[in-house]
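Everything below belongs to protein00.txt, which stores compact mmCIF, C-alpha atoms.
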```
# COMPACT_ATOMS: atom_id res chain seq x y z
CA MET A 1319 14.03 2.41 1.48
CA TYR A 1320 16.65 -0.34 1.83
CA GLU A 1321 16.04 -1.96 -1.55
CA HIS A 1322 16.83 1.36 -3.28
CA SER A 1323 20.02 2.20 -1.42
CA VAL A 1324 23.41 0.82 -0.48
CA LEU A 1325 25.28 0.89 2.82
CA ASN A 1326 28.76 2.36 2.83
CA THR A 1327 30.61 0.23 5.36
CA CYS A 1328 33.39 2.78 5.76
CA CYS A 1329 31.11 5.15 7.68
CA SER A 1330 27.88 3.14 8.13
CA LYS A 1331 25.89 5.67 6.13
CA ARG A 1332 23.36 4.74 3.48
CA ILE A 1333 23.11 6.37 0.06
CA CYS A 1334 20.16 6.04 -2.31
CA ASP A 1335 20.73 4.42 -5.69
CA GLY A 1336 20.00 7.65 -7.55
CA CYS A 1337 22.54 9.68 -5.59
CA ASN A 1338 25.06 6.88 -5.90
CA LEU A 1339 24.64 6.80 -9.67
CA ALA A 1340 24.91 10.59 -9.89
CA ALA A 1341 28.14 10.51 -7.88
CA GLN A 1342 29.60 7.88 -10.18
CA LYS A 1343 28.67 9.91 -13.26
CA ARG A 1344 30.55 12.84 -11.76
CA GLY A 1345 33.62 10.67 -11.51
CA MET A 1346 33.59 10.13 -7.74
CA LYS A 1347 35.55 7.01 -6.91
CA ASP A 1348 35.13 7.18 -3.15
CA CYS A 1349 32.46 7.42 -0.45
CA ALA A 1350 30.21 10.44 -0.91
CA PHE A 1351 30.11 10.97 2.86
CA CYS A 1352 33.56 10.31 4.32
CA ARG A 1353 35.56 10.23 1.06
CA SER A 1354 37.14 6.88 1.89
CA PRO A 1355 38.05 4.77 -1.15
CA PHE A 1356 35.75 1.86 -1.86
CA ALA A 1357 36.70 -1.56 -0.53
CA LYS A 1358 38.79 -3.59 -2.95
CA ASN A 1359 37.67 -7.06 -1.84
CA ASP A 1360 35.64 -8.99 0.73
CA GLY A 1361 38.47 -8.95 3.26
CA ASP A 1362 38.73 -5.18 3.03
CA GLU A 1363 34.96 -4.83 3.36
CA LEU A 1364 34.86 -7.10 6.42
CA SER A 1365 37.69 -5.20 8.09
CA ARG A 1366 35.75 -1.96 7.69
CA VAL A 1367 32.63 -3.43 9.24
CA GLN A 1368 34.61 -4.86 12.14
CA ALA A 1369 36.43 -1.56 12.70
CA ARG A 1370 33.15 0.34 12.88
CA ALA A 1371 31.64 -2.31 15.13
CA SER A 1372 34.58 -2.03 17.54
CA LYS A 1373 33.62 1.62 18.01
CA ASP A 1374 30.09 0.65 19.12
CA ASP A 1375 28.48 1.74 15.87
CA PRO A 1376 25.00 0.10 16.03
CA VAL A 1377 24.63 -0.03 12.24
CA ALA A 1378 27.97 -1.78 11.84
CA ILE A 1379 27.28 -4.19 14.72
CA PHE A 1380 23.91 -5.05 13.18
CA ASN A 1381 25.52 -5.53 9.77
CA LEU A 1382 28.21 -7.74 11.30
CA GLY A 1383 25.46 -9.81 12.92
CA LYS A 1384 23.86 -10.37 9.54
CA LEU A 1385 27.19 -11.39 8.07
CA HIS A 1386 27.63 -13.98 10.83
CA TYR A 1387 24.07 -15.20 10.37
CA HIS A 1388 24.38 -15.68 6.61
CA GLY A 1389 28.09 -16.43 6.42
CA GLY A 1390 28.92 -13.36 4.33
CA LEU A 1391 32.31 -11.88 3.36
CA GLY A 1392 34.09 -15.12 4.17
CA LEU A 1393 32.69 -15.57 7.67
CA ARG A 1394 31.35 -18.95 8.74
CA ARG A 1395 27.67 -19.08 9.60
CA ASP A 1396 27.20 -18.61 13.33
CA ALA A 1397 23.62 -17.95 14.48
CA ARG A 1398 24.62 -17.69 18.13
CA ARG A 1399 27.16 -14.96 17.42
CA ALA A 1400 24.63 -13.21 15.17
CA ALA A 1401 22.07 -13.13 17.97
CA GLU A 1402 24.66 -11.72 20.36
CA LEU A 1403 25.47 -8.94 17.92
CA TYR A 1404 21.79 -8.19 17.27
CA ALA A 1405 21.30 -7.85 21.04
CA LYS A 1406 24.22 -5.44 21.33
CA ALA A 1407 23.06 -3.38 18.34
CA ALA A 1408 19.55 -3.25 19.81
CA GLU A 1409 20.93 -1.92 23.09
CA LEU A 1410 22.66 0.81 21.11
CA GLY A 1411 19.45 1.80 19.36
CA SER A 1412 19.08 -0.30 16.20
CA VAL A 1413 15.39 -0.97 15.54
CA ASP A 1414 16.22 -3.48 12.80
CA ALA A 1415 18.31 -5.40 15.33
CA LEU A 1416 15.32 -5.48 17.70
CA HIS A 1417 13.26 -6.98 14.91
CA LEU A 1418 15.75 -9.66 13.93
CA LEU A 1419 16.46 -10.51 17.55
CA GLY A 1420 12.72 -11.03 17.94
CA GLY A 1421 12.88 -13.44 15.02
CA CYS A 1422 15.75 -15.35 16.65
CA HIS A 1423 13.76 -15.83 19.86
CA ASP A 1424 10.66 -16.68 17.83
CA ASP A 1425 12.43 -19.44 15.92
CA GLY A 1426 14.96 -20.53 18.54
CA VAL A 1427 17.83 -19.67 16.18
CA GLY A 1428 21.03 -18.80 18.00
CA VAL A 1429 19.10 -18.48 21.27
CA LYS A 1430 16.59 -20.54 23.20
CA GLN A 1431 13.10 -20.27 21.73
CA ASP A 1432 11.08 -17.84 23.81
CA MET A 1433 7.82 -16.52 22.33
CA PRO A 1434 7.04 -14.03 25.13
CA LYS A 1435 10.51 -12.54 24.65
CA SER A 1436 10.02 -12.51 20.90
CA ILE A 1437 6.70 -10.68 21.19
CA GLN A 1438 8.24 -8.17 23.58
CA LEU A 1439 11.00 -7.41 21.07
CA TYR A 1440 8.53 -7.12 18.19
CA GLU A 1441 6.45 -4.73 20.28
CA ARG A 1442 9.45 -2.55 21.03
CA ALA A 1443 10.37 -2.42 17.35
CA ALA A 1444 6.77 -1.81 16.28
CA MET A 1445 6.47 1.10 18.70
CA ARG A 1446 9.44 2.64 16.95
CA GLY A 1447 7.81 2.31 13.55
CA HIS A 1448 9.10 -1.03 12.24
CA PRO A 1449 6.41 -2.31 9.82
CA GLU A 1450 7.51 -5.95 9.71
CA SER A 1451 7.50 -6.22 13.50
CA ARG A 1452 3.97 -4.78 13.46
CA TYR A 1453 3.04 -7.28 10.76
CA ASN A 1454 4.47 -10.15 12.79
CA LEU A 1455 2.44 -9.10 15.82
CA GLY A 1456 -0.68 -9.07 13.68
CA THR A 1457 -0.04 -12.54 12.26
CA ILE A 1458 0.78 -13.94 15.71
CA GLU A 1459 -2.55 -12.61 17.02
CA GLY A 1460 -4.39 -13.93 13.98
CA LYS A 1461 -2.79 -17.33 14.19
CA GLY A 1462 -3.87 -17.44 17.83
CA GLY A 1463 -7.47 -16.68 16.83
CA ASP A 1464 -7.64 -13.07 18.05
CA TYR A 1465 -8.64 -11.46 14.78
CA ARG A 1466 -9.70 -8.18 16.37
CA ARG A 1467 -6.20 -7.60 17.70
CA ALA A 1468 -4.74 -8.74 14.39
CA THR A 1469 -6.80 -6.16 12.53
CA ARG A 1470 -5.50 -3.44 14.83
CA HIS A 1471 -1.91 -4.20 13.88
CA LEU A 1472 -2.16 -4.92 10.16
CA PRO A 1473 -3.67 -1.61 8.98
CA ILE A 1474 -0.84 0.21 10.75
CA SER A 1475 1.88 -1.74 8.95
CA ALA A 1476 -0.09 -1.54 5.69
CA GLY A 1477 -0.07 2.23 6.14
CA MET A 1478 3.72 2.02 6.23
CA GLY A 1479 3.62 0.50 2.76
CA ASP A 1480 4.01 -3.14 3.81
CA ASP A 1481 2.71 -5.36 1.00
CA ASP A 1482 2.23 -8.49 3.09
CA SER A 1483 0.13 -6.65 5.66
CA LEU A 1484 -2.31 -5.51 3.01
CA GLY A 1485 -2.40 -8.96 1.41
CA THR A 1486 -3.06 -10.65 4.74
CA ILE A 1487 -5.93 -8.40 5.76
CA ARG A 1488 -7.37 -8.80 2.25
CA ARG A 1489 -7.44 -12.58 2.74
CA MET A 1490 -8.93 -12.12 6.20
CA PHE A 1491 -11.70 -9.98 4.72
CA ALA A 1492 -12.36 -12.58 2.01
CA ALA A 1493 -12.57 -15.26 4.73
CA GLY A 1494 -15.00 -13.21 6.80
CA VAL A 1495 -12.72 -12.63 9.80
CA ALA A 1496 -12.06 -8.95 9.02
CA THR A 1497 -14.74 -6.36 8.33
CA ARG A 1498 -15.10 -4.27 5.19
CA GLU A 1499 -14.25 -1.19 7.25
CA GLU A 1500 -11.03 -2.78 8.57
CA TYR A 1501 -9.95 -3.76 5.07
CA ALA A 1502 -10.85 -0.31 3.73
CA ARG A 1503 -8.81 1.35 6.49
CA ALA A 1504 -5.78 -0.76 5.60
CA LEU A 1505 -6.23 -0.02 1.90
CA ARG A 1506 -6.50 3.73 2.48
CA GLY A 1507 -3.40 3.69 4.64
CA TYR A 1508 -1.48 1.69 2.06
CA ASP A 1509 -2.48 4.05 -0.77
CA THR A 1510 -1.67 7.25 1.13
CA GLY A 1511 1.13 6.08 3.42
CA THR A 1512 4.87 5.71 3.03
CA PRO A 1513 6.51 4.29 -0.13
CA ARG A 1514 6.19 0.56 -0.65
CA ARG A 1515 8.42 -1.52 1.58
CA ARG A 1516 9.15 -4.80 -0.15
CA ARG A 1517 10.15 -7.95 1.63
CA GLY A 1518 13.85 -8.71 1.91
CA ALA A 1519 15.49 -5.39 2.56
CA ALA A 1520 15.91 -5.71 6.33
CA ARG A 1521 15.79 -9.37 6.99
CA GLY A 1522 19.01 -11.14 7.56
CA THR A 1523 20.10 -8.66 4.92
CA THR A 1524 18.66 -5.67 6.71
CA ARG A 1525 15.02 -6.30 7.43
CA GLY A 1526 12.80 -9.00 8.61
CA ARG A 1527 13.48 -12.03 10.65
CA SER A 1528 15.43 -15.25 10.50
CA ARG A 1529 12.25 -17.11 9.48
CA ARG A 1530 9.21 -14.88 9.09
CA VAL A 1531 5.88 -15.51 10.77
CA GLU A 1532 4.01 -16.68 7.72
CA ALA A 1533 0.37 -15.86 7.12
CA SER A 1534 -0.55 -19.46 6.32
CA TRP A 1535 -3.38 -19.21 8.82
CA ALA A 1536 -4.88 -16.51 6.62
CA GLU A 1537 -4.12 -18.28 3.35
CA GLU A 1538 -6.05 -21.31 4.56
CA CYS A 1539 -9.09 -19.26 5.54
CA ASP A 1540 -11.18 -20.35 2.60
CA GLU A 1541 -10.65 -24.02 3.46
CA HIS A 1542 -11.28 -23.85 7.21
CA TRP A 1543 -13.66 -20.95 7.86
```

Is it possible to express this structure as structure tokens?
Amino acid sequence: MYEHSVLNTCCSKRICDGCNLAAQKRGMKDCAFCRSPFAKNDGDELSRVQARASKDDPVAIFNLGKLHYHGGLGLRRDARRAAELYAKAAELGSVDALHLLGGCHDDGVGVKQDMPKSIQLYERAAMRGHPESRYNLGTIEGKGGDYRRATRHLPISAGMGDDDSLGTIRRMFAAGVATREEYARALRGYDTGTPRRRRGAARGTTRGRSRRVEASWAEECDEHW
């Protein structure tokens, strides 16, 4: 979803690329939702995000957290402030903020490293349908050697269209730590589930985590198992 849409910072509403293009072809020079004129520069864009954030808009607070994390729109990089904003956005209902806050605790970026806290946040996000949090839970279980629990998580996120989940369980099957049935279930879910969700849309930009749990444990299967 995120890679085929843009966020209008004036009202924190997202518009798909197709609708955005159609609006431009019709001569619309302002937001399709609130009719505000588009930002003229980075300073104007940042002011809009901050104004929305001051009104406890979870989308804007989350977006402001990402800007602090990456140093966008002229802000200096500040992982601690980013984590604080992710926490506030999560309290206000942002599932993407839950996911990135889990990544901060996982990596010890902006906060003290705390794996139990990280897993708790991933679980909360996964229960609300966040595929990358579900994927991270699966890779954490797999890296810890609990392949049965890993293969419970990965088919779910694969069924949400998550490419890495399908690739990981494919490697697990090739290495003999996932059954044919488990791989087939993930493949069926991927083929019939939600549209493909590529990596990068919700990371520090809107999806994922500060540094993703990599599936190196699965990629090394052929060498070690």

Which residue, A:Arg1489, A:Lys1384, A:Arg1353, A:Arg1398, has the smallest gap to A:Lys1430 when you use only C-alpha atoms? A:Arg1398

Could you jot down the atom CA of A:Gln1431 to atom CA of A:Glu1409 separation for me, Å, one decimal place? 20.0 Å

Residues near A:Leu1484, cut-off 12 Å, only C-alpha atoms, skip fewer than 4 positions along chain, as a VMD selection string: chain A and resid 1449 to 1450 1453 1456 to 1457 1469 1471 to 1480 1488 to 1491 1496 1500 to 1509 1514 to 1516 1533 1536

Mind dumping a table of every stretch 1336-1431 of chain A residue within 7 Å of stretch 1320-1332 of chain A, with the nearest atom pair and its distance in Å to one decimal, using all atoms listed in the file, sorted by chain and rising number, as CSV?
```
residue,atom,partner,partner_atom,distance
A:Cys1352,CA,A:Cys1329,CA,6.6
A:Ser1354,CA,A:Cys1328,CA,6.8
A:Glu1363,CA,A:Thr1327,CA,7.0
A:Arg1366,CA,A:Cys1328,CA,5.6
A:Val1367,CA,A:Thr1327,CA,5.7
A:Val1377,CA,A:Ser1330,CA,6.1
A:Ala1378,CA,A:Ser1330,CA,6.2
```

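One distance worth recording is that between atom CA of A:Leu1439 and atom CA of A:Arg1452, which is 10.7 Å.
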
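One distance worth recording is that between atom CA of A:Glu1402 and atom CA of A:Arg1370, which is 16.5 Å.
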